[in-house]
>>> print(open('final-v6.txt').read())   # compact mmCIF, C-alpha atoms
# COMPACT_ATOMS: atom_id res chain seq x y z
CA MET A 563 18.84 -0.31 15.42
CA THR A 564 16.84 -2.54 13.10
CA ALA A 565 13.11 -3.03 12.86
CA ARG A 566 13.51 -6.41 14.59
CA GLU A 567 14.69 -4.65 17.71
CA ILE A 568 11.31 -3.00 18.13
CA PRO A 569 9.62 -5.35 20.60
CA ALA A 570 6.35 -6.86 19.40
CA GLY A 571 3.37 -5.04 20.81
CA LYS A 572 5.37 -1.97 21.73
CA VAL A 573 4.81 1.39 20.19
CA PRO A 574 7.98 2.46 18.42
CA THR A 575 9.50 5.76 19.34
CA THR A 576 9.87 8.51 16.79
CA GLU A 577 13.52 7.60 16.63
CA GLN A 578 12.65 4.01 15.77
CA ARG A 579 10.16 5.11 13.12
CA LEU A 580 12.78 7.25 11.48
CA ASP A 581 15.07 4.25 11.29
CA VAL A 582 12.91 3.11 8.39
CA LEU A 583 14.29 6.09 6.48
CA ASP A 584 17.83 5.15 7.40
CA LEU A 585 17.20 1.60 6.28
CA ASP A 586 15.65 2.81 3.06
CA SER A 587 18.65 4.89 2.14
CA ARG A 588 20.90 1.89 2.82
CA LEU A 589 18.73 -0.77 1.18
CA ALA A 590 17.90 1.40 -1.84
CA LYS A 591 21.39 0.76 -3.18
CA GLN A 592 21.12 -2.98 -2.80
CA ALA A 593 19.92 -5.73 -5.11
CA PRO A 594 16.41 -7.14 -4.58
CA GLN A 595 17.87 -10.39 -3.25
CA GLU A 596 19.82 -8.48 -0.61
CA ILE A 597 16.74 -6.51 0.36
CA ILE A 598 14.71 -9.71 0.69
CA ALA A 599 17.48 -11.33 2.72
CA SER A 600 17.56 -8.32 5.00
CA ALA A 601 13.77 -8.41 5.41
CA LEU A 602 13.76 -12.11 6.23
CA GLU A 603 16.59 -11.61 8.68
CA GLN A 604 14.78 -8.82 10.48
CA PHE A 605 11.33 -10.36 10.63
CA ASP A 606 10.05 -13.85 11.32
CA ASN A 607 6.38 -12.97 10.87
CA ILE A 608 6.67 -11.78 7.28
CA ALA A 609 4.97 -12.81 4.03
CA ILE A 610 5.16 -12.13 0.31
CA SER A 611 2.14 -10.75 -1.50
CA PHE A 612 1.99 -12.64 -4.81
CA SER A 613 -0.43 -11.38 -7.44
CA GLY A 614 0.00 -14.18 -9.94
CA ALA A 615 1.96 -12.01 -12.35
CA GLU A 616 5.66 -11.17 -12.77
CA ASP A 617 6.07 -10.63 -9.04
CA VAL A 618 6.76 -14.37 -9.06
CA VAL A 619 10.41 -13.25 -9.08
CA LEU A 620 9.99 -12.37 -5.40
CA VAL A 621 8.91 -15.92 -4.66
CA ASP A 622 11.88 -17.29 -6.57
CA MET A 623 14.37 -14.99 -4.84
CA ALA A 624 12.94 -15.53 -1.37
CA TRP A 625 12.62 -19.30 -1.80
CA LYS A 626 16.32 -19.49 -2.64
CA ILE A 627 17.04 -17.78 0.67
CA ASP A 628 14.47 -19.56 2.81
CA SER A 629 12.31 -22.35 1.38
CA ASP A 630 9.81 -21.87 4.23
CA ILE A 631 8.82 -18.41 3.05
CA GLN A 632 5.17 -17.44 3.62
CA VAL A 633 3.32 -16.41 0.46
CA PHE A 634 -0.24 -15.21 0.06
CA SER A 635 -2.46 -14.35 -2.91
CA LEU A 636 -5.73 -12.50 -3.11
CA ASP A 637 -8.41 -14.46 -4.91
CA THR A 638 -10.97 -11.86 -5.88
CA GLY A 639 -13.16 -14.45 -7.57
CA ARG A 640 -12.64 -12.62 -10.86
CA LEU A 641 -9.13 -13.66 -11.89
CA HIS A 642 -8.31 -15.22 -15.25
CA ALA A 643 -8.34 -19.02 -15.38
CA GLU A 644 -4.67 -18.77 -16.41
CA THR A 645 -3.85 -16.90 -13.21
CA TYR A 646 -5.50 -19.52 -11.02
CA GLN A 647 -3.57 -22.23 -12.89
CA PHE A 648 -0.38 -20.23 -12.51
CA ILE A 649 -0.79 -19.82 -8.76
CA ASP A 650 -1.09 -23.58 -8.45
CA ARG A 651 1.89 -24.06 -10.76
CA VAL A 652 4.02 -21.82 -8.54
CA ARG A 653 2.83 -23.74 -5.49
CA ASP A 654 3.93 -27.03 -7.08
CA HIS A 655 7.14 -25.69 -8.62
CA TYR A 656 8.50 -24.41 -5.32
CA GLY A 657 6.75 -26.88 -3.04
CA ILE A 658 5.33 -24.07 -0.93
CA GLN A 659 1.98 -23.31 0.60
CA ILE A 660 0.29 -20.28 -0.92
CA ASP A 661 -2.28 -18.80 1.40
CA VAL A 662 -5.13 -17.92 -0.96
CA LEU A 663 -7.32 -15.25 0.59
CA PHE A 664 -10.99 -14.72 -0.21
CA PRO A 665 -13.26 -11.70 0.16
CA ASP A 666 -16.09 -11.57 2.66
CA SER A 667 -18.96 -13.32 0.88
CA ALA A 668 -21.64 -11.19 2.55
CA GLN A 669 -19.98 -8.00 1.32
CA VAL A 670 -19.62 -9.37 -2.21
CA GLN A 671 -23.24 -10.52 -2.22
CA ALA A 672 -24.47 -7.15 -1.02
CA LEU A 673 -22.49 -5.33 -3.72
CA VAL A 674 -23.68 -7.65 -6.48
CA ARG A 675 -27.26 -7.55 -5.28
CA GLU A 676 -27.26 -3.78 -5.25
CA LYS A 677 -25.19 -2.99 -8.33
CA GLY A 678 -24.71 -6.15 -10.38
CA LEU A 679 -21.55 -7.96 -11.39
CA PHE A 680 -19.94 -5.18 -13.38
CA SER A 681 -20.60 -2.06 -11.31
CA PHE A 682 -16.98 -0.97 -11.71
CA TYR A 683 -17.64 -0.04 -15.34
CA GLN A 684 -20.31 2.46 -14.22
CA ASP A 685 -18.85 3.71 -10.92
CA ASP A 686 -15.18 3.07 -10.55
CA HIS A 687 -13.15 0.07 -9.51
CA LYS A 688 -12.54 1.18 -5.93
CA GLU A 689 -15.69 -0.12 -4.29
CA CYS A 690 -15.23 -3.55 -5.82
CA CYS A 691 -11.47 -3.60 -5.15
CA GLY A 692 -12.12 -2.47 -1.60
CA ILE A 693 -14.31 -5.48 -0.94
CA ARG A 694 -12.51 -8.08 -3.03
CA LYS A 695 -8.90 -7.06 -2.35
CA ILE A 696 -8.37 -4.53 0.41
CA GLY A 697 -10.62 -6.24 2.97
CA PRO A 698 -8.92 -9.63 2.76
CA LEU A 699 -5.52 -7.95 2.52
CA ARG A 700 -6.17 -5.96 5.67
CA ASN A 701 -7.28 -9.07 7.55
CA LYS A 702 -4.10 -10.83 6.51
CA LEU A 703 -1.82 -7.91 7.35
CA LEU A 704 -3.33 -7.55 10.82
CA GLY A 705 -1.60 -10.84 11.59
CA LEU A 706 1.81 -9.92 10.15
CA ASP A 707 4.73 -7.76 11.29
CA ALA A 708 6.01 -7.16 7.76
CA TRP A 709 5.16 -7.86 4.14
CA ILE A 710 6.92 -7.90 0.80
CA THR A 711 5.42 -6.60 -2.44
CA GLY A 712 6.45 -6.50 -6.08
CA GLN A 713 5.78 -2.78 -6.49
CA ARG A 714 8.10 -1.00 -8.91
CA ARG A 715 8.46 2.66 -9.65
CA ASP A 716 8.24 2.12 -13.39
CA GLN A 717 4.82 0.47 -13.11
CA SER A 718 3.01 3.78 -12.75
CA PRO A 719 4.78 7.13 -12.91
CA GLY A 720 1.64 8.70 -11.43
CA THR A 721 1.19 6.61 -8.31
CA ARG A 722 4.47 4.84 -7.70
CA ALA A 723 7.19 7.28 -8.67
CA ALA A 724 8.31 7.71 -5.09
CA ILE A 725 7.95 4.17 -3.78
CA PRO A 726 10.68 3.48 -1.25
CA VAL A 727 12.34 0.13 -0.74
CA ILE A 728 11.09 -0.04 2.83
CA GLN A 729 8.24 1.86 4.42
CA ASP A 730 6.27 2.19 7.60
CA ASP A 731 2.83 0.96 6.52
CA ARG A 732 0.46 3.08 8.58
CA ALA A 733 -2.66 2.18 6.63
CA PHE A 734 -2.65 -1.47 7.66
CA ALA A 735 -0.75 -1.49 10.95
CA ARG A 736 -2.39 -2.95 14.04
CA LYS A 737 -3.47 -0.34 16.56
CA GLY A 738 -0.45 0.94 18.43
CA GLU A 739 1.98 -1.24 16.49
CA THR A 740 4.01 -1.03 13.33
CA LEU A 741 3.83 -2.88 10.05
CA THR A 742 6.83 -2.74 7.75
CA LYS A 743 6.45 -3.00 4.01
CA PHE A 744 9.33 -4.00 1.75
CA ASN A 745 9.35 -3.24 -1.98
CA PRO A 746 12.53 -5.00 -3.13
CA LEU A 747 11.82 -4.42 -6.82
CA ALA A 748 11.14 -0.69 -6.40
CA ASN A 749 14.23 0.29 -8.34
CA TRP A 750 14.05 -2.46 -10.94
CA THR A 751 12.56 -2.01 -14.38
CA SER A 752 10.20 -4.36 -16.14
CA SER A 753 13.12 -5.32 -18.38
CA GLN A 754 15.24 -6.36 -15.39
CA VAL A 755 12.37 -8.45 -14.01
CA TRP A 756 12.01 -10.28 -17.31
CA GLN A 757 15.75 -10.79 -17.65
CA TYR A 758 15.67 -12.43 -14.23
CA ILE A 759 12.67 -14.60 -15.13
CA ARG A 760 14.32 -15.86 -18.32
CA ALA A 761 17.81 -16.26 -16.88
CA ASN A 762 16.52 -18.28 -13.95
CA ASN A 763 13.80 -20.25 -15.76
CA VAL A 764 11.20 -18.87 -13.42
CA PRO A 765 7.65 -19.99 -14.30
CA TYR A 766 5.42 -17.15 -15.46
CA ASN A 767 1.77 -16.47 -16.18
CA PRO A 768 1.05 -17.43 -19.83
CA LEU A 769 -1.07 -14.28 -20.20
CA HIS A 770 2.20 -12.36 -20.48
CA ASP A 771 2.83 -14.11 -23.82
CA ARG A 772 -0.51 -12.75 -25.04
CA GLY A 773 0.26 -9.08 -24.48
CA PHE A 774 -0.80 -8.72 -20.87
CA ILE A 775 1.77 -6.83 -18.83
CA SER A 776 -0.05 -5.84 -15.65
CA ILE A 777 -2.43 -8.62 -14.64
CA GLY A 778 -5.37 -8.17 -12.29
CA CYS A 779 -8.99 -9.27 -12.44
CA GLU A 780 -10.26 -10.51 -15.79
CA PRO A 781 -12.87 -7.79 -16.40
CA CYS A 782 -10.40 -5.04 -15.47
CA THR A 783 -7.31 -6.21 -17.38
CA ARG A 784 -6.53 -6.13 -21.07
CA PRO A 785 -3.44 -6.60 -23.20
CA VAL A 786 -1.63 -3.47 -24.31
CA GLY A 787 -0.16 -2.62 -27.66
CA PRO A 788 3.32 -1.45 -28.65
CA GLY A 789 4.22 1.84 -27.00
CA GLN A 790 1.43 1.69 -24.49
CA HIS A 791 2.26 1.85 -20.80
CA GLU A 792 1.33 -1.22 -18.79
CA ARG A 793 -1.11 0.79 -16.72
CA GLU A 794 -3.19 1.34 -19.85
CA GLY A 795 -4.14 -2.28 -19.52
CA ARG A 796 -5.90 -1.73 -16.20
CA TRP A 797 -9.17 0.21 -15.59
CA TRP A 798 -8.75 1.85 -18.99
CA TRP A 799 -12.27 3.27 -18.93
CA GLU A 800 -11.50 5.48 -15.97
CA GLU A 801 -10.12 8.93 -16.48
CA ALA A 802 -6.70 9.48 -15.05
CA THR A 803 -7.38 11.35 -11.85
CA MET A 804 -5.23 13.84 -10.12
CA LYS A 805 -3.47 12.15 -7.24
CA GLU A 806 -3.16 14.97 -4.86
CA CYS A 807 -2.96 13.26 -1.46
CA GLY A 808 0.81 13.01 -1.52
CA LEU A 809 2.94 15.68 0.04
CA HIS A 810 5.66 16.50 -2.42
CA ALA A 811 8.72 14.65 -1.23
CA VAL A 812 10.93 17.43 -2.47
CA ASN A 813 9.41 19.62 0.18
CA ILE A 814 9.66 17.13 3.00
CA GLU A 815 13.09 16.83 4.37
CA ARG A 816 13.92 14.84 7.38
CA LYS A 817 14.97 16.95 10.31
CA PRO A 818 18.58 16.42 11.37
CA MET B 698 -4.20 13.50 24.81
CA LYS B 699 -3.46 16.08 22.14
CA ILE B 700 -4.78 15.62 18.61
CA THR B 701 -3.38 17.57 15.69
CA LEU B 702 -4.88 17.65 12.21
CA VAL B 703 -2.58 18.53 9.35
CA LYS B 704 -4.19 19.65 6.12
CA LYS B 705 -2.56 20.73 2.94
CA ILE B 706 -2.40 23.62 0.51
CA LEU B 707 -1.24 22.57 -2.92
CA ALA B 708 1.71 24.07 -4.74
CA ASP B 709 -0.68 26.19 -6.84
CA GLY B 710 -2.19 27.71 -3.70
CA SER B 711 -5.48 25.80 -3.86
CA PRO B 712 -6.72 23.78 -0.90
CA CYS B 713 -6.36 20.00 -1.05
CA LYS B 714 -9.72 18.51 -2.03
CA LYS B 715 -9.28 15.42 0.07
CA CYS B 716 -8.47 17.54 3.12
CA GLY B 717 -11.61 19.58 2.53
CA GLU B 718 -13.68 16.45 2.17
CA VAL B 719 -12.34 15.00 5.41
CA GLU B 720 -12.87 18.28 7.24
CA ARG B 721 -16.47 18.41 6.04
CA LYS B 722 -17.09 14.87 7.31
CA MET B 723 -15.42 15.74 10.61
CA ARG B 724 -17.61 18.79 11.11
CA GLU B 725 -20.76 16.84 10.26
CA ALA B 726 -19.84 14.11 12.72
CA GLY B 727 -18.72 16.54 15.41
CA HIS B 728 -15.16 15.25 15.24
CA PHE B 729 -13.62 18.55 14.29
CA ASP B 730 -14.20 19.85 17.80
CA ARG B 731 -11.92 17.11 19.08
CA MET B 732 -8.94 18.65 17.30
CA ASP B 733 -6.62 20.51 19.63
CA GLU B 734 -4.59 22.00 16.81
CA VAL B 735 -4.92 22.33 13.06
CA LEU B 736 -1.72 22.87 11.09
CA ILE B 737 -1.28 23.75 7.45
CA ALA B 738 1.18 21.92 5.25
CA ASP B 739 1.74 24.46 2.53
CA GLU B 740 3.59 22.92 -0.40
CA ARG B 741 4.82 26.38 -1.34
CA ASP B 742 6.50 26.77 2.02
CA PRO B 743 8.68 23.91 3.30
CA ALA B 744 8.92 25.77 6.61
CA SER B 745 5.16 25.83 7.19
CA PRO B 746 4.23 24.05 10.44
CA GLY B 747 2.45 21.17 8.71
CA MET B 748 5.33 20.52 6.33
CA LEU B 749 7.81 20.55 9.20
CA LEU B 750 5.70 18.09 11.18
CA ALA B 751 5.27 15.85 8.14
CA GLY B 752 9.03 15.84 7.68
CA GLU B 753 9.66 15.11 11.33
CA LEU B 754 7.25 12.18 11.38
CA ALA B 755 8.08 10.96 7.86
CA VAL B 756 4.52 11.36 6.61
CA ASP B 757 4.15 11.66 2.85
CA ARG B 758 0.43 12.39 2.48
CA ALA B 759 -2.28 14.63 3.79
CA PRO B 760 -4.51 15.02 5.61
CA PHE B 761 -3.09 13.22 8.60
CA PHE B 762 -3.62 13.14 12.34
CA VAL B 763 -1.06 13.08 15.12
CA VAL B 764 -2.11 11.80 18.52
CA GLU B 765 0.18 12.63 21.39
CA GLU B 766 -0.18 11.12 24.84
CA ARG B 767 2.07 11.64 27.82
CA GLY B 768 4.82 9.04 27.98
CA LYS B 769 4.13 7.66 24.51
CA PRO B 770 5.59 8.44 21.11
CA PRO B 771 3.23 10.27 18.74
CA ALA B 772 0.86 8.07 16.75
CA VAL B 773 0.23 9.03 13.13
CA TYR B 774 -2.98 8.27 11.26
CA THR B 775 -3.23 8.80 7.52
CA VAL B 776 -6.63 7.11 7.20
CA TYR B 777 -9.43 9.21 8.71
CA LEU B 778 -11.81 6.32 9.45
CA LYS B 779 -9.00 4.33 11.10
CA PHE B 780 -8.40 7.36 13.31
CA VAL B 781 -12.13 7.61 14.06
CA LYS B 782 -12.30 3.95 15.02
CA GLU B 783 -9.08 3.67 17.01
CA VAL B 784 -8.78 7.08 18.64
CA LEU B 785 -12.31 8.41 18.85
CA ASN B 786 -13.64 4.89 19.51
CA GLN B 787 -16.55 5.29 17.14
CA LYS B 788 -18.13 2.79 14.80
CA THR B 789 -17.27 3.02 11.12
CA ASP B 790 -18.63 1.38 8.00
CA GLU B 791 -16.09 -1.20 6.82
CA LYS B 792 -16.90 -0.59 3.17
CA ASP B 793 -16.15 3.11 3.61
CA GLU B 794 -12.94 2.30 5.46
CA LEU B 795 -11.71 0.03 2.68
CA LYS B 796 -12.55 2.59 0.04
CA GLU B 797 -10.73 5.31 1.96
CA ILE B 798 -7.64 3.13 2.22
CA LEU B 799 -7.69 2.70 -1.55
CA ASP B 800 -8.37 6.39 -2.15
CA ASN B 801 -5.45 7.37 0.05
CA ASN B 802 -3.07 4.75 -1.28
CA PRO B 803 -3.30 4.76 -5.06
CA ASP B 804 -0.12 2.69 -5.19
CA LEU B 805 -2.22 -0.26 -3.94
CA ASP B 806 -3.40 -0.66 -7.51
CA PHE B 807 -0.57 -3.19 -7.88
CA LEU B 808 -2.77 -5.78 -6.22
>>> encode(input="final-v6.txt", output="structure tokens")
Amino acid sequence: MTAREIPAGKVPTTEQRLDVLDLDSRLAKQAPQEIIASALEQFDNIAISFSGAEDVVLVDMAWKIDSDIQVFSLDTGRLHAETYQFIDRVRDHYGIQIDVLFPDSAQVQALVREKGLFSFYQDDHKECCGIRKIGPLRNKLLGLDAWITGQRRDQSPGTRAAIPVIQDDRAFARKGETLTKFNPLANWTSSQVWQYIRANNVPYNPLHDRGFISIGCEPCTRPVGPGQHEREGRWWWEEATMKECGLHAVNIERKP
Amino acid sequence: MKITLVKKILADGSPCKKCGEVERKMREAGHFDRMDEVLIADERDPASPGMLLAGELAVDRAPFFVVEERGKPPAVYTVYLKFVKEVLNQKTDEKDELKEILDNNPDLDFL
């Protein structure tokens, strides 16, 4: 059974939920293009989350399969000018609509009024990211059955080491329904992504030529030097915190 | 309706801080009394009831809630405030909800 066979609005059975694991073990061995093709085949109401960085490869791959692919980007209001220009360049290059999502202005105003424009340097980035990214993302995902991200395991050994190719997204699912998240690049390395970009003449954000690897909001992103991990270019002032919410996968085995 | 809370003990034997924080909030709000069962997922013991349930439901984080209703498959909640809103039908602060989602899903830093 595939995810498509779960009727919209119906609560999936445990058996159906576990099919995500079956699919993951099958899709994990496939190329990103095959994973995207499988996702698009299973879901009509599906969209790509495009950050304006090297995840443009997803747009390229998906567009070659279906030129009507839905793409959305989160405009936090704090992106680099180059990223805004790049989003428009991608829109023109592929002739697609990119649904640019904005944060709730009242929430942003309240945050800025209370804490100023750079509160993330004093507190941490989560309050600001919650308002500027997670809120609009959640609103968007409430209207989708599935989404596609550019997450890769090599982006952050601390937080993404166990990212599956397909997962049951319980954080953003509508009440009583399921939301499926595809991570077609999970098993790819940064090097593979860039080989694809160059081999296929895919447009890319010019910030990458200036030492930026991971690209987010302007105040929270910086270029990294040789030998530094790309995550060192994001929220560098925050201490690496222990991520202890995960249950060690090694100890969780699916029941037969 | 049966509600189960699963909280975790880390591999070094210490209690999971996040689980403790959620439990404290639940007790303050009177939500803890709504739990029919509390299970421990002990990372040192794959056969502990919480670990077995996590494996069965393919849950990879803690704490989490399982809501069982007659004739329906179990519903899993990994975000406490989502559970409060959707199951306990209580109002939540959206800012707190968004922050909890980010706290519980550090992989969302790709955005």
>>> closest_residue(input="final-v6.txt", among="B:Val784, B:Ala726, B:Met732, B:Ala759", to="chain A", atoms="only C-alpha atoms")
B:Ala759
>>> interface_residues(input="final-v6.txt", of="chain B", to="chain A", cutoff="9 Å", atoms="all atoms listed in the file", output="mmCIF file with C-alpha atoms, in the coordinates of the input")
data_model
loop_
_atom_site.group_PDB
_atom_site.id
_atom_site.type_symbol
_atom_site.label_atom_id
_atom_site.label_comp_id
_atom_site.auth_asym_id
_atom_site.auth_seq_id
_atom_site.Cartn_x
_atom_site.Cartn_y
_atom_site.Cartn_z
ATOM 1 C CA LYS B 705 -2.560 20.730 2.940
ATOM 2 C CA LEU B 707 -1.240 22.570 -2.920
ATOM 3 C CA ALA B 708 1.710 24.070 -4.740
ATOM 4 C CA CYS B 713 -6.360 20.000 -1.050
ATOM 5 C CA LYS B 714 -9.720 18.510 -2.030
ATOM 6 C CA LYS B 715 -9.280 15.420 0.070
ATOM 7 C CA CYS B 716 -8.470 17.540 3.120
ATOM 8 C CA ALA B 738 1.180 21.920 5.250
ATOM 9 C CA GLU B 740 3.590 22.920 -0.400
ATOM 10 C CA ARG B 741 4.820 26.380 -1.340
ATOM 11 C CA ASP B 742 6.500 26.770 2.020
ATOM 12 C CA PRO B 743 8.680 23.910 3.300
ATOM 13 C CA ALA B 744 8.920 25.770 6.610
ATOM 14 C CA MET B 748 5.330 20.520 6.330
ATOM 15 C CA LEU B 749 7.810 20.550 9.200
ATOM 16 C CA ALA B 751 5.270 15.850 8.140
ATOM 17 C CA GLY B 752 9.030 15.840 7.680
ATOM 18 C CA GLU B 753 9.660 15.110 11.330
ATOM 19 C CA LEU B 754 7.250 12.180 11.380
ATOM 20 C CA ALA B 755 8.080 10.960 7.860
ATOM 21 C CA VAL B 756 4.520 11.360 6.610
ATOM 22 C CA ASP B 757 4.150 11.660 2.850
ATOM 23 C CA ARG B 758 0.430 12.390 2.480
ATOM 24 C CA ALA B 759 -2.280 14.630 3.790
ATOM 25 C CA PRO B 760 -4.510 15.020 5.610
ATOM 26 C CA LYS B 769 4.130 7.660 24.510
ATOM 27 C CA PRO B 770 5.590 8.440 21.110
ATOM 28 C CA PRO B 771 3.230 10.270 18.740
ATOM 29 C CA ALA B 772 0.860 8.070 16.750
ATOM 30 C CA VAL B 773 0.230 9.030 13.130
ATOM 31 C CA TYR B 774 -2.980 8.270 11.260
ATOM 32 C CA THR B 775 -3.230 8.800 7.520
ATOM 33 C CA VAL B 776 -6.630 7.110 7.200
ATOM 34 C CA LYS B 779 -9.000 4.330 11.100
ATOM 35 C CA GLU B 783 -9.080 3.670 17.010
ATOM 36 C CA GLU B 791 -16.090 -1.200 6.820
ATOM 37 C CA LYS B 792 -16.900 -0.590 3.170
ATOM 38 C CA ASP B 793 -16.150 3.110 3.610
ATOM 39 C CA GLU B 794 -12.940 2.300 5.460
ATOM 40 C CA LEU B 795 -11.710 0.030 2.680
ATOM 41 C CA LYS B 796 -12.550 2.590 0.040
ATOM 42 C CA GLU B 797 -10.730 5.310 1.960
ATOM 43 C CA ILE B 798 -7.640 3.130 2.220
ATOM 44 C CA LEU B 799 -7.690 2.700 -1.550
ATOM 45 C CA ASP B 800 -8.370 6.390 -2.150
ATOM 46 C CA ASN B 801 -5.450 7.370 0.050
ATOM 47 C CA ASN B 802 -3.070 4.750 -1.280
ATOM 48 C CA PRO B 803 -3.300 4.760 -5.060
ATOM 49 C CA ASP B 804 -0.120 2.690 -5.190
ATOM 50 C CA LEU B 805 -2.220 -0.260 -3.940
ATOM 51 C CA ASP B 806 -3.400 -0.660 -7.510
ATOM 52 C CA PHE B 807 -0.570 -3.190 -7.880
ATOM 53 C CA LEU B 808 -2.770 -5.780 -6.220
#
>>> closest_residue(input="final-v6.txt", among="B:Ile737, B:Phe780, B:Phe761, B:Pro712", to="Ala735 (chain A)", atoms="only C-alpha atoms")
B:Phe780
>>> residues_around(input="final-v6.txt", residues="Tyr683 (chain A)", least_positions_apart="2", cutoff="10 Å", atoms="all atoms listed in the file", output="MDAnalysis selection string")
chainID A and resid 679:681 685:687 781:782 797:800
>>> atom_distance(input="final-v6.txt", atom1="CA of Gly795 (chain A)", atom2="CA of Thr783 (chain A)")
5.5 Å
>>> axis_aligned_box(input="final-v6.txt", around="region 785-795 of chain B", padding_each_side="5 Å", output="lines of an AutoDock Vina configuration file")
center_x = -15.2
center_y = 3.6
center_z = 11.1
size_x = 16.9
size_y = 19.6
size_z = 26.8
>>> closest_residue(input="final-v6.txt", among="A:Asp771, A:Trp756, A:Leu747, A:Gly787", to="Ala590 (chain A)", atoms="all atoms listed in the file")
A:Leu747
>>> atom_distance(input="final-v6.txt", atom1="CA of Ala708 (chain A)", atom2="CA of Lys591 (chain A)")
20.5 Å
>>> residues_around(input="final-v6.txt", residues="region 657-663 of chain A", least_positions_apart="5", cutoff="10 Å", atoms="only C-alpha atoms", output="NGL selection string")
:A and (609-612 or 621 or 625 or 629-638 or 649-652 or 694-695 or 697-699 or 701-702)
>>> write_last_selection(input="final-v6.txt", atoms="C-alpha atoms", output="CSV table (one decimal), keeping the file's coordinate frame")
chain,number,residue,atom,x,y,z
A,609,ALA,CA,5.0,-12.8,4.0
A,610,ILE,CA,5.2,-12.1,0.3
A,611,SER,CA,2.1,-10.8,-1.5
A,612,PHE,CA,2.0,-12.6,-4.8
A,621,VAL,CA,8.9,-15.9,-4.7
A,625,TRP,CA,12.6,-19.3,-1.8
A,629,SER,CA,12.3,-22.4,1.4
A,630,ASP,CA,9.8,-21.9,4.2
A,631,ILE,CA,8.8,-18.4,3.0
A,632,GLN,CA,5.2,-17.4,3.6
A,633,VAL,CA,3.3,-16.4,0.5
A,634,PHE,CA,-0.2,-15.2,0.1
A,635,SER,CA,-2.5,-14.4,-2.9
A,636,LEU,CA,-5.7,-12.5,-3.1
A,637,ASP,CA,-8.4,-14.5,-4.9
A,638,THR,CA,-11.0,-11.9,-5.9
A,649,ILE,CA,-0.8,-19.8,-8.8
A,650,ASP,CA,-1.1,-23.6,-8.4
A,651,ARG,CA,1.9,-24.1,-10.8
A,652,VAL,CA,4.0,-21.8,-8.5
A,694,ARG,CA,-12.5,-8.1,-3.0
A,695,LYS,CA,-8.9,-7.1,-2.4
A,697,GLY,CA,-10.6,-6.2,3.0
A,698,PRO,CA,-8.9,-9.6,2.8
A,699,LEU,CA,-5.5,-8.0,2.5
A,701,ASN,CA,-7.3,-9.1,7.6
A,702,LYS,CA,-4.1,-10.8,6.5
>>> atom_distance(input="final-v6.txt", atom1="CA of Gly710 (chain B)", atom2="CA of Asp716 (chain A)")
29.3 Å
>>> closest_residue(input="final-v6.txt", among="A:Asn767, A:Gln671, A:Gln592, A:Asn749", to="Glu644 (chain A)", atoms="all atoms listed in the file")
A:Asn767
>>> closest_residue(input="final-v6.txt", among="B:Glu766, B:Asp709, B:Lys704, B:Val781", to="His728 (chain B)", atoms="only C-alpha atoms")
B:Val781
>>> closest_residue(input="final-v6.txt", among="A:His770, A:Arg675, A:His642, A:Lys743", to="Asp586 (chain A)", atoms="all atoms listed in the file")
A:Lys743
>>> decode(input="final-v6.txt", residues="region 778-788 of chain B", atoms="N, CA and C atoms", output="PDB file, in the first residue's frame")
ATOM      1  N   LEU B 778       2.066  21.066  23.165  1.00  0.00           N
ATOM      2  CA  LEU B 778       1.017  22.084  23.024  1.00  0.00           C
ATOM      3  C   LEU B 778       0.030  21.726  21.911  1.00  0.00           C
ATOM      4  N   LYS B 779       0.474  20.970  20.934  1.00  0.00           N
ATOM      5  CA  LYS B 779      -0.452  20.475  19.891  1.00  0.00           C
ATOM      6  C   LYS B 779      -1.432  19.487  20.531  1.00  0.00           C
ATOM      7  N   PHE B 780      -0.890  18.650  21.397  1.00  0.00           N
ATOM      8  CA  PHE B 780      -1.713  17.684  22.134  1.00  0.00           C
ATOM      9  C   PHE B 780      -2.722  18.425  23.022  1.00  0.00           C
ATOM     10  N   VAL B 781      -2.242  19.456  23.708  1.00  0.00           N
ATOM     11  CA  VAL B 781      -3.128  20.228  24.599  1.00  0.00           C
ATOM     12  C   VAL B 781      -4.271  20.843  23.796  1.00  0.00           C
ATOM     13  N   LYS B 782      -3.934  21.383  22.647  1.00  0.00           N
ATOM     14  CA  LYS B 782      -4.941  22.069  21.825  1.00  0.00           C
ATOM     15  C   LYS B 782      -5.925  21.076  21.202  1.00  0.00           C
ATOM     16  N   GLU B 783      -5.380  19.999  20.636  1.00  0.00           N
ATOM     17  CA  GLU B 783      -6.237  19.109  19.849  1.00  0.00           C
ATOM     18  C   GLU B 783      -6.932  18.034  20.669  1.00  0.00           C
ATOM     19  N   VAL B 784      -6.319  17.607  21.743  1.00  0.00           N
ATOM     20  CA  VAL B 784      -6.916  16.516  22.525  1.00  0.00           C
ATOM     21  C   VAL B 784      -7.611  17.048  23.778  1.00  0.00           C
ATOM     22  N   LEU B 785      -6.924  17.948  24.472  1.00  0.00           N
ATOM     23  CA  LEU B 785      -7.521  18.480  25.698  1.00  0.00           C
ATOM     24  C   LEU B 785      -8.396  19.704  25.413  1.00  0.00           C
ATOM     25  N   ASN B 786      -8.406  20.120  24.155  1.00  0.00           N
ATOM     26  CA  ASN B 786      -9.250  21.239  23.707  1.00  0.00           C
ATOM     27  C   ASN B 786      -9.048  22.500  24.545  1.00  0.00           C
ATOM     28  N   GLN B 787      -7.774  22.804  24.810  1.00  0.00           N
ATOM     29  CA  GLN B 787      -7.502  24.007  25.578  1.00  0.00           C
ATOM     30  C   GLN B 787      -6.703  25.000  24.740  1.00  0.00           C
ATOM     31  N   LYS B 788      -6.877  26.261  25.077  1.00  0.00           N
ATOM     32  CA  LYS B 788      -6.194  27.321  24.330  1.00  0.00           C
ATOM     33  C   LYS B 788      -4.694  27.285  24.602  1.00  0.00           C
TER      34      LYS B 788
END
